[in-house]
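What follows is a set of notes on a single structure, which appears directly below.
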Amino acid sequence: MNRRISFDIKTLIPSLSAALALILHLSIPNSRKYLQKPLPYFTTALIITIFVTLALAVVSLFNDRLRKKYSYKSWFIGASILFLNLLNLATIKIMLLQSIYFPSPDRILKVFVDDWQFMLKCLGYSIRLLSTGYVIGAVAGITTGILVGWSKKWSYWINPLIKIIGPIPPTAWVPIALVSFPTTFASSVFLISLAVWFPTTVLTSSGISNVQNSYFEVSSTLGANTVQKIFKVALPAAMPSIFIGIFNGTSASFITLMTAEMLGVKFGIGWYINWQREMLSYANVYAGLIIIAITFSLIITLMFRIRDWVLSWQKGVIKW
Amino acid sequence: MVETKTGKITVSNVRKTFTQPDGQQVVALDQVNAHIEPGEFICLIGPSGCGKSTFLRLLAGLISPDEGELLLDGSPIVGAGYERGLVFQDPTLFPWLTVYENVAFGLKVRNTYKEKKDEVPEFINLVGLKGFEKAYPHQLSGGMAQRAALARALVNHPKVLLLDEPFGALDAFTRMNMQDELIKILQQRGTTAIMVTHDVDEAIYLSDRIFVMTPRPAKIESIIRVEIGRPRDRDLPDFLKLRARILQILNFAGKREDIQYYL
Ligand SMILES: Nc1ncnc2c1ncn2[C@@H]1O[C@H](COP(=O)(O)OP(=O)(O)OP(=O)(O)O)[C@@H](O)[C@H]1O
Ligand SMILES: [Mg+2]
């Protein structure tokens, strides 16, 4: 590999955007109506951003892959920084927005600096609740899905139940769940697993009943018994469909988690947002929302990775 | 030639009908009788739709006859089992398994993989797929998939091997190669084989006997014994004479039913 240096002007866009934000932030005085004392966080964050983006631009000189990726993303990164820049101007420089509901970037950053330990603890509670409910729901969903998709008898008894109970939004169960379980944690686990269970069951069973019969025929001429046909043929063949069910369940579980936390489960990140909202600390509310956004999108990305890995045999067969 | 005495098939008065979606009854096989000796190689030949695949599926135990019975070594064939391996007309490899895992499937489900795993690469080599062990079925050509399906059936050491046009997608050269490998391994093991083919030359080259089937009535029209010593030469006068005769039978059978689309 030859180490030729190559420069793409686009790799400078993020740094320029950050520099612009810094210049405006430092040169324009805060609005006279803005009474709180100035904070250093936005300045610090911008300086760090300038250094990081410049470092990326420098490494891009030597690394072809990074340069391609970074220059492709540069417009987006630059625009995001510009958005923060404008937000900063609108909040503390000219006070276009009501400062109590629309805090400046500085104040949101301050929340992360001051309150990160407590927020992390809240996030931990949320993740514990989500993963408990999620795992129970997914396992139960795949199990009932297999039973319904495989056996006529189970399908006869369970299918009508799925048809009637399934479409009820899980959050509609809140009143019943709250009184049926000893703790709010248990009732929230129930609600989340219900949210995951329904789409997983439906798509697992339809996936299994749509498996080409010839796969079962081949496997039986090769000596597979019924259990092996379920686990070595039906399940892998239905995997693409099962994943669609699990993905649908994931978004339903996020909604249910937030609802459950806003209704009574203590110390989750949804609870944190609700609590801060009641105290009118909107900077904390935004900080909570940012944490949720990052966490949920990480979870979704992780699930896509898992799916791509499990379904790697499909590459080039089906794209969705 | 016959070393083991297992793999004897008796088919008597078998009838199989299907109900089409419009409610119409189709007689796929009627009055079928056959006696196949252990280790024999039989080819089924006949026009499309005359019930060849149906006959194999009956022998595999995937479907059961409306009338009559099918016996393997004297006991009725009920349900599918590994002792009657079937290579499908369509390769039907499991798309979620690699070539290696597909071939190993039979050993794994029968819990014999540990002792016999050396045979997996052996059969992959035999069908000429060395280097493709890790490939997924969608990465194979049609002919490669057919060969993988053949390896998957062979690794199970069935008493009876049922083959539904296993070489349909192969080029002439690979095809002859596969025919030689197949006949060699089946003779070594004394496996009974029943193979559907549309290629008269292939039937003569491989078979001890050829069953010529006709549609309407869907039955075995005639049985031709191939009395040519092995290894066979496709250009010998005996070979060519037999070929002319079979074509004539097929032609005659076809004309009688006004069918022009045989072969
Ligand atoms: N599952 C089924 N349902 C309804 N009809 C069927 C079914 N299987 C086969 N048949 C009918 O039985 C007849 C024989 O079919 P079969 O598949 O055995 O033919 P074949 O000789 O293998 O033909 P080809 O050479 O084209 O493969 C056909 O008329 C077909 O329509
Ligand atoms: Mg057929």
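The chains in the structure tokens are called A, B, ... from first to last as shown; in each chain the residues are counted from 1, and the ligands are counted from 1 in the order shown.
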(request) Return as number ranges by chain every polymer residue, whether protein, DNA or RNA, with at least one atom no more than 9 Å from an atom of ligand 1; count only C-alpha atoms and all ligand atoms. (result) B: 16-21, 25-29, 44-57, 89, 164-165, 196-198, 213-215, 218, 262-263
Selected residues written out, C-alpha atoms, as a short mmCIF file (atom, residue, chain, number, x, y, z; two decimals), in the first residue's frame:
```
data_model
loop_
_atom_site.label_atom_id
_atom_site.label_comp_id
_atom_site.auth_asym_id
_atom_site.auth_seq_id
_atom_site.Cartn_x
_atom_site.Cartn_y
_atom_site.Cartn_z
CA LYS B 16 -51.95 -43.02 -6.08
CA THR B 17 -54.33 -40.22 -6.93
CA PHE B 18 -54.14 -36.53 -6.18
CA THR B 19 -56.94 -34.04 -5.86
CA GLN B 20 -56.20 -30.89 -7.79
CA PRO B 21 -57.21 -27.53 -6.30
CA GLN B 25 -58.87 -36.25 -9.39
CA VAL B 26 -55.55 -36.96 -11.08
CA VAL B 27 -54.34 -40.54 -11.23
CA ALA B 28 -50.59 -40.18 -10.77
CA LEU B 29 -49.90 -43.93 -10.63
CA LEU B 44 -37.18 -44.56 -14.49
CA ILE B 45 -37.77 -42.92 -17.79
CA GLY B 46 -40.92 -41.45 -19.26
CA PRO B 47 -42.65 -38.27 -20.29
CA SER B 48 -43.17 -35.37 -17.96
CA GLY B 49 -46.08 -35.85 -15.58
CA CYS B 50 -46.22 -39.64 -15.82
CA GLY B 51 -45.67 -40.13 -12.09
CA LYS B 52 -41.92 -40.69 -11.76
CA SER B 53 -41.45 -38.28 -8.86
CA THR B 54 -44.59 -39.63 -7.27
CA PHE B 55 -43.14 -43.15 -7.42
CA LEU B 56 -39.95 -42.01 -5.68
CA ARG B 57 -41.89 -40.09 -3.05
CA GLN B 89 -35.54 -32.91 -8.35
CA ASP B 164 -34.87 -37.55 -9.02
CA GLU B 165 -32.99 -36.18 -12.04
CA VAL B 196 -35.35 -40.72 -12.61
CA THR B 197 -33.77 -39.37 -15.74
CA HIS B 198 -34.84 -37.85 -19.05
CA MET B 213 -43.31 -45.29 -17.70
CA THR B 214 -46.33 -43.91 -19.53
CA PRO B 215 -48.90 -41.33 -18.56
CA ALA B 218 -49.77 -43.84 -15.36
CA TYR B 262 -41.80 -36.71 -24.01
CA LEU B 263 -38.17 -36.29 -22.98
#
```
Using 9 Å as the limit and counting only C-alpha atoms, can you tabulate each residue of chain A that touches chain B, with its shortest atom-to-atom distance in Å and the two atoms involved, as a Markdown table?
```
| residue | atom | partner | partner_atom | distance |
| --- | --- | --- | --- | --- |
| A:Ser214 | CA | B:Thr92 | CA | 7.0 |
| A:Tyr215 | CA | B:Thr92 | CA | 6.6 |
| A:Glu217 | CA | B:Leu62 | CA | 6.8 |
| A:Val218 | CA | B:Thr92 | CA | 7.4 |
| A:Ser219 | CA | B:Gly106 | CA | 7.7 |
| A:Ser220 | CA | B:Ala80 | CA | 5.7 |
| A:Thr221 | CA | B:Gly81 | CA | 5.0 |
| A:Leu222 | CA | B:Tyr82 | CA | 4.7 |
| A:Gly223 | CA | B:Tyr82 | CA | 4.5 |
| A:Ala224 | CA | B:Val109 | CA | 5.4 |
| A:Asn225 | CA | B:Val109 | CA | 7.8 |
| A:Gln228 | CA | B:Val109 | CA | 6.9 |
| A:Lys232 | CA | B:Val109 | CA | 8.8 |
| A:Val233 | CA | B:Phe94 | CA | 8.0 |
| A:Pro236 | CA | B:Trp96 | CA | 6.8 |
| A:Ala237 | CA | B:Trp96 | CA | 7.1 |
| A:Leu311 | CA | B:Trp96 | CA | 7.6 |
| A:Ser312 | CA | B:Trp96 | CA | 8.3 |
| A:Trp313 | CA | B:Trp96 | CA | 5.2 |
| A:Gln314 | CA | B:Trp96 | CA | 7.2 |
| A:Lys315 | CA | B:His138 | CA | 8.5 |
| A:Gly316 | CA | B:His138 | CA | 7.6 |
| A:Val317 | CA | B:His138 | CA | 6.8 |
```
(request) Once DSSP has gone over the backbone, tell me which residues of segment 48-257 of chain B are in strand (DSSP E or B), as an MDAnalysis selection string. (result) chainID B and resid 67:72 75:76 84:87 160:164 192:196 209:214 219:225
Restricted to N, CA, C and O atoms, what would the selected residues look like written as a compact mmCIF listing (two decimals), in the first residue's frame?
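Dumped to again.txt:
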```txt
# COMPACT_ATOMS: atom_id res chain seq x y z
N GLU B 67 -53.87 -47.40 -2.77
CA GLU B 67 -54.05 -48.86 -2.77
C GLU B 67 -52.70 -49.50 -2.98
O GLU B 67 -51.77 -48.88 -3.47
N GLY B 68 -52.63 -50.79 -2.62
CA GLY B 68 -51.40 -51.54 -2.85
C GLY B 68 -50.40 -51.34 -1.74
O GLY B 68 -50.67 -50.64 -0.75
N GLU B 69 -49.22 -51.98 -1.89
CA GLU B 69 -48.23 -51.83 -0.83
C GLU B 69 -46.81 -51.74 -1.36
O GLU B 69 -46.51 -52.20 -2.47
N LEU B 70 -45.98 -51.11 -0.57
CA LEU B 70 -44.56 -51.00 -0.90
C LEU B 70 -43.76 -51.59 0.25
O LEU B 70 -43.98 -51.23 1.41
N LEU B 71 -42.88 -52.54 -0.09
CA LEU B 71 -42.11 -53.21 0.96
C LEU B 71 -40.63 -52.97 0.74
O LEU B 71 -40.14 -52.99 -0.38
N LEU B 72 -39.91 -52.77 1.85
CA LEU B 72 -38.45 -52.75 1.79
C LEU B 72 -37.97 -53.91 2.66
O LEU B 72 -38.28 -53.95 3.84
N SER B 75 -40.66 -55.48 4.82
CA SER B 75 -41.54 -54.74 5.73
C SER B 75 -42.07 -53.47 5.06
O SER B 75 -41.35 -52.83 4.29
N PRO B 76 -43.32 -53.14 5.36
CA PRO B 76 -43.97 -52.03 4.69
C PRO B 76 -43.23 -50.70 4.93
O PRO B 76 -42.71 -50.46 6.01
N ARG B 84 -33.74 -44.77 3.36
CA ARG B 84 -34.16 -44.50 1.98
C ARG B 84 -33.86 -43.03 1.68
O ARG B 84 -34.67 -42.16 1.90
N GLY B 85 -32.66 -42.79 1.20
CA GLY B 85 -32.25 -41.41 0.92
C GLY B 85 -32.87 -40.92 -0.38
O GLY B 85 -33.02 -41.70 -1.32
N LEU B 86 -33.24 -39.65 -0.39
CA LEU B 86 -33.85 -39.10 -1.61
C LEU B 86 -33.13 -37.82 -2.02
O LEU B 86 -32.94 -36.92 -1.21
N VAL B 87 -32.68 -37.80 -3.26
CA VAL B 87 -32.14 -36.57 -3.81
C VAL B 87 -33.24 -35.96 -4.66
O VAL B 87 -33.66 -36.56 -5.65
N VAL B 160 -31.24 -47.71 0.28
CA VAL B 160 -31.82 -47.43 -1.03
C VAL B 160 -31.61 -45.95 -1.31
O VAL B 160 -31.93 -45.11 -0.48
N LEU B 161 -31.08 -45.66 -2.49
CA LEU B 161 -30.89 -44.26 -2.85
C LEU B 161 -31.86 -43.92 -3.98
O LEU B 161 -31.87 -44.56 -5.02
N LEU B 162 -32.71 -42.93 -3.71
CA LEU B 162 -33.70 -42.51 -4.70
C LEU B 162 -33.24 -41.19 -5.29
O LEU B 162 -32.96 -40.23 -4.55
N LEU B 163 -33.13 -41.12 -6.60
CA LEU B 163 -32.54 -39.94 -7.23
C LEU B 163 -33.51 -39.38 -8.28
O LEU B 163 -33.87 -40.09 -9.22
N ASP B 164 -33.92 -38.14 -8.08
CA ASP B 164 -34.87 -37.55 -9.02
C ASP B 164 -34.14 -36.55 -9.92
O ASP B 164 -33.90 -35.41 -9.53
N THR B 192 -28.99 -50.19 -3.35
CA THR B 192 -30.01 -50.19 -4.39
C THR B 192 -30.26 -48.75 -4.80
O THR B 192 -30.34 -47.87 -3.94
N ALA B 193 -30.37 -48.51 -6.11
CA ALA B 193 -30.61 -47.14 -6.54
C ALA B 193 -31.74 -47.08 -7.55
O ALA B 193 -31.87 -47.96 -8.40
N ILE B 194 -32.59 -46.09 -7.39
CA ILE B 194 -33.66 -45.86 -8.34
C ILE B 194 -33.57 -44.41 -8.76
O ILE B 194 -33.65 -43.50 -7.93
N MET B 195 -33.36 -44.21 -10.05
CA MET B 195 -33.07 -42.86 -10.50
C MET B 195 -33.99 -42.46 -11.63
O MET B 195 -34.21 -43.22 -12.57
N VAL B 196 -34.55 -41.26 -11.53
CA VAL B 196 -35.35 -40.72 -12.61
C VAL B 196 -34.43 -39.95 -13.54
O VAL B 196 -33.57 -39.20 -13.08
N ARG B 209 -31.61 -52.28 -14.98
CA ARG B 209 -32.88 -52.35 -15.70
C ARG B 209 -33.45 -50.94 -15.84
O ARG B 209 -33.23 -50.10 -14.98
N ILE B 210 -34.17 -50.74 -16.92
CA ILE B 210 -34.82 -49.44 -17.15
C ILE B 210 -36.32 -49.65 -17.13
O ILE B 210 -36.84 -50.54 -17.82
N PHE B 211 -37.01 -48.87 -16.30
CA PHE B 211 -38.48 -48.91 -16.28
C PHE B 211 -38.97 -47.77 -17.15
O PHE B 211 -38.71 -46.59 -16.85
N VAL B 212 -39.69 -48.10 -18.19
CA VAL B 212 -40.25 -47.05 -19.04
C VAL B 212 -41.68 -46.82 -18.59
O VAL B 212 -42.48 -47.75 -18.54
N MET B 213 -41.97 -45.59 -18.22
CA MET B 213 -43.31 -45.29 -17.70
C MET B 213 -44.12 -44.50 -18.70
O MET B 213 -43.58 -43.78 -19.53
N THR B 214 -45.44 -44.66 -18.63
CA THR B 214 -46.33 -43.91 -19.53
C THR B 214 -47.34 -43.14 -18.68
O THR B 214 -47.70 -43.56 -17.60
N LYS B 219 -48.45 -45.81 -15.52
CA LYS B 219 -47.91 -47.07 -15.00
C LYS B 219 -46.58 -47.39 -15.66
O LYS B 219 -46.13 -46.67 -16.54
N ILE B 220 -45.98 -48.51 -15.22
CA ILE B 220 -44.73 -48.94 -15.85
C ILE B 220 -45.10 -49.71 -17.11
O ILE B 220 -45.73 -50.76 -17.06
N GLU B 221 -44.74 -49.14 -18.25
CA GLU B 221 -45.14 -49.69 -19.54
C GLU B 221 -44.29 -50.91 -19.88
O GLU B 221 -44.79 -51.95 -20.24
N SER B 222 -42.97 -50.77 -19.76
CA SER B 222 -42.13 -51.93 -20.02
C SER B 222 -40.84 -51.85 -19.23
O SER B 222 -40.45 -50.78 -18.76
N ILE B 223 -40.23 -53.01 -19.05
CA ILE B 223 -38.99 -53.09 -18.29
C ILE B 223 -37.92 -53.63 -19.21
O ILE B 223 -38.11 -54.67 -19.84
N ILE B 224 -36.83 -52.91 -19.30
CA ILE B 224 -35.78 -53.32 -20.22
C ILE B 224 -34.52 -53.65 -19.43
O ILE B 224 -34.05 -52.85 -18.63
N ARG B 225 -34.02 -54.85 -19.63
CA ARG B 225 -32.79 -55.22 -18.94
C ARG B 225 -31.60 -54.80 -19.80
O ARG B 225 -31.57 -55.05 -21.01
```
(message) Quick one: residues within 8 Å of segment 175-184 of chain B, only C-alpha atoms, excluding same-chain residues fewer than 3 positions away - as a PyMOL selection string?
(response) chain B and resi 126-127+167+170-172+187-188+202+206
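Reported to one decimal place, the separation of atom CA of Leu302 of chain A from atom CA of Lys266 of chain A is 26.6 Å.
Taking atom CA of Leu129 of chain A as the reference point, atom CA of Pro169 of chain A is found at 18.7 Å.
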(message) Quick one: residues within 9 Å of Ala34 of chain B, only C-alpha atoms, excluding same-chain residues fewer than 4 positions away - as a list in words?
(response) Ile9, Thr10, Val11, Ser12, Asn13 and Ile220 of chain B
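For the pair atom CA of Ala234 of chain A and atom CA of Ile208 of chain A, the interatomic distance is 5.6 Å.
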(message) Taking 3 positions as the minimum chain separation for residues in the same chain, which residues sit within 12 Å of Gly229 of chain B when counting only C-alpha atoms? Answer as a PyMOL selection string.
(response) chain B and resi 204-208+225-226+232-234+236+238-239
Filtering to all heavy atoms, could you give me those residues as a tab-separated table (two decimals), in the first residue's frame?
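Generated file (part_18.tsv):
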```
chain	number	residue	atom	x	y	z
B	204	ILE	N	-29.14	-45.92	-19.96
B	204	ILE	CA	-28.47	-47.13	-20.44
B	204	ILE	C	-27.09	-47.28	-19.79
B	204	ILE	O	-26.67	-48.37	-19.42
B	204	ILE	CB	-28.33	-47.11	-21.98
B	204	ILE	CG1	-29.72	-47.01	-22.63
B	204	ILE	CG2	-27.62	-48.37	-22.47
B	204	ILE	CD1	-29.67	-46.78	-24.12
B	205	TYR	N	-26.41	-46.19	-19.63
B	205	TYR	CA	-25.06	-46.24	-19.08
B	205	TYR	C	-25.07	-46.74	-17.63
B	205	TYR	O	-24.20	-47.49	-17.22
B	205	TYR	CB	-24.42	-44.85	-19.14
B	205	TYR	CG	-22.98	-44.84	-18.73
B	205	TYR	CD1	-21.99	-45.36	-19.59
B	205	TYR	CD2	-22.57	-44.33	-17.50
B	205	TYR	CE1	-20.67	-45.36	-19.22
B	205	TYR	CE2	-21.25	-44.33	-17.12
B	205	TYR	CZ	-20.29	-44.84	-17.99
B	205	TYR	OH	-18.97	-44.86	-17.63
B	206	LEU	N	-26.09	-46.36	-16.88
B	206	LEU	CA	-26.08	-46.65	-15.45
B	206	LEU	C	-26.85	-47.91	-15.05
B	206	LEU	O	-26.46	-48.60	-14.12
B	206	LEU	CB	-26.69	-45.46	-14.67
B	206	LEU	CG	-25.91	-44.15	-14.67
B	206	LEU	CD1	-26.73	-43.06	-14.01
B	206	LEU	CD2	-24.57	-44.32	-13.94
B	207	SER	N	-27.96	-48.20	-15.73
B	207	SER	CA	-28.93	-49.12	-15.15
B	207	SER	C	-28.63	-50.59	-15.36
B	207	SER	O	-28.00	-50.98	-16.33
B	207	SER	CB	-30.31	-48.91	-15.76
B	207	SER	OG	-30.55	-47.58	-15.99
B	208	ASP	N	-29.13	-51.38	-14.41
B	208	ASP	CA	-29.29	-52.81	-14.66
B	208	ASP	C	-30.58	-53.03	-15.42
B	208	ASP	O	-30.66	-53.85	-16.31
B	208	ASP	CB	-29.30	-53.56	-13.33
B	208	ASP	CG	-27.97	-53.41	-12.60
B	208	ASP	OD1	-26.93	-53.66	-13.23
B	208	ASP	OD2	-27.98	-53.01	-11.42
B	225	ARG	N	-34.02	-54.85	-19.63
B	225	ARG	CA	-32.79	-55.22	-18.94
B	225	ARG	C	-31.60	-54.80	-19.80
B	225	ARG	O	-31.57	-55.05	-21.01
B	225	ARG	CB	-32.76	-56.73	-18.71
B	225	ARG	CG	-31.59	-57.19	-17.88
B	225	ARG	CD	-31.74	-58.63	-17.44
B	225	ARG	NE	-32.74	-58.80	-16.38
B	225	ARG	CZ	-32.53	-58.53	-15.09
B	225	ARG	NH1	-31.34	-58.07	-14.70
B	225	ARG	NH2	-33.47	-58.71	-14.20
B	226	VAL	N	-30.65	-54.12	-19.19
B	226	VAL	CA	-29.48	-53.67	-19.94
B	226	VAL	C	-28.39	-54.72	-19.75
B	226	VAL	O	-27.77	-54.80	-18.70
B	226	VAL	CB	-29.00	-52.30	-19.43
B	226	VAL	CG1	-27.83	-51.82	-20.27
B	226	VAL	CG2	-30.12	-51.30	-19.45
B	232	ARG	N	-19.25	-49.47	-19.23
B	232	ARG	CA	-19.93	-49.42	-20.51
B	232	ARG	C	-19.35	-48.35	-21.42
B	232	ARG	O	-18.88	-47.33	-20.95
B	232	ARG	CB	-21.42	-49.17	-20.29
B	232	ARG	CG	-22.07	-50.40	-19.68
B	232	ARG	CD	-23.49	-50.17	-19.28
B	232	ARG	NE	-24.01	-51.38	-18.65
B	232	ARG	CZ	-25.12	-51.44	-17.94
B	232	ARG	NH1	-25.84	-50.34	-17.77
B	232	ARG	NH2	-25.52	-52.56	-17.42
B	233	ASP	N	-19.45	-48.60	-22.69
B	233	ASP	CA	-18.95	-47.66	-23.68
B	233	ASP	C	-20.16	-47.12	-24.44
B	233	ASP	O	-20.96	-47.88	-24.98
B	233	ASP	CB	-17.99	-48.40	-24.62
B	233	ASP	CG	-17.35	-47.44	-25.59
B	233	ASP	OD1	-17.95	-46.37	-25.87
B	233	ASP	OD2	-16.24	-47.75	-26.07
B	234	ARG	N	-20.28	-45.80	-24.44
B	234	ARG	CA	-21.48	-45.20	-25.03
B	234	ARG	C	-21.54	-45.35	-26.55
B	234	ARG	O	-22.55	-45.01	-27.16
B	234	ARG	CB	-21.55	-43.72	-24.66
B	234	ARG	CG	-21.84	-43.49	-23.19
B	234	ARG	CD	-21.81	-42.01	-22.87
B	234	ARG	NE	-22.16	-41.74	-21.47
B	234	ARG	CZ	-21.31	-41.82	-20.47
B	234	ARG	NH1	-20.06	-42.17	-20.68
B	234	ARG	NH2	-21.69	-41.56	-19.24
B	236	LEU	N	-20.64	-48.31	-28.28
B	236	LEU	CA	-20.73	-49.69	-28.74
B	236	LEU	C	-22.05	-49.94	-29.45
B	236	LEU	O	-23.06	-49.32	-29.11
B	236	LEU	CB	-20.61	-50.65	-27.56
B	236	LEU	CG	-19.20	-50.92	-27.04
B	236	LEU	CD1	-19.26	-51.93	-25.91
B	236	LEU	CD2	-18.29	-51.40	-28.16
B	238	ASP	N	-24.13	-52.38	-29.22
B	238	ASP	CA	-25.18	-52.83	-28.29
B	238	ASP	C	-25.87	-51.64	-27.66
B	238	ASP	O	-27.09	-51.60	-27.50
B	238	ASP	CB	-24.56	-53.67	-27.17
B	238	ASP	CG	-24.30	-55.09	-27.64
B	238	ASP	OD1	-24.71	-55.39	-28.80
B	238	ASP	OD2	-23.70	-55.86	-26.88
B	239	PHE	N	-25.03	-50.68	-27.26
B	239	PHE	CA	-25.53	-49.48	-26.59
B	239	PHE	C	-26.47	-48.73	-27.53
B	239	PHE	O	-27.59	-48.35	-27.16
B	239	PHE	CB	-24.32	-48.60	-26.23
B	239	PHE	CG	-24.61	-47.58	-25.18
B	239	PHE	CD1	-24.20	-47.78	-23.87
B	239	PHE	CD2	-25.27	-46.40	-25.49
B	239	PHE	CE1	-24.44	-46.82	-22.89
B	239	PHE	CE2	-25.52	-45.44	-24.54
B	239	PHE	CZ	-25.10	-45.66	-23.23
```
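Using only C-alpha atoms and all ligand atoms, the shortest contact distance between ligand 2 and any of B:Phe41, B:Pro166, B:Phe123, B:Val78 is found at B:Pro166.
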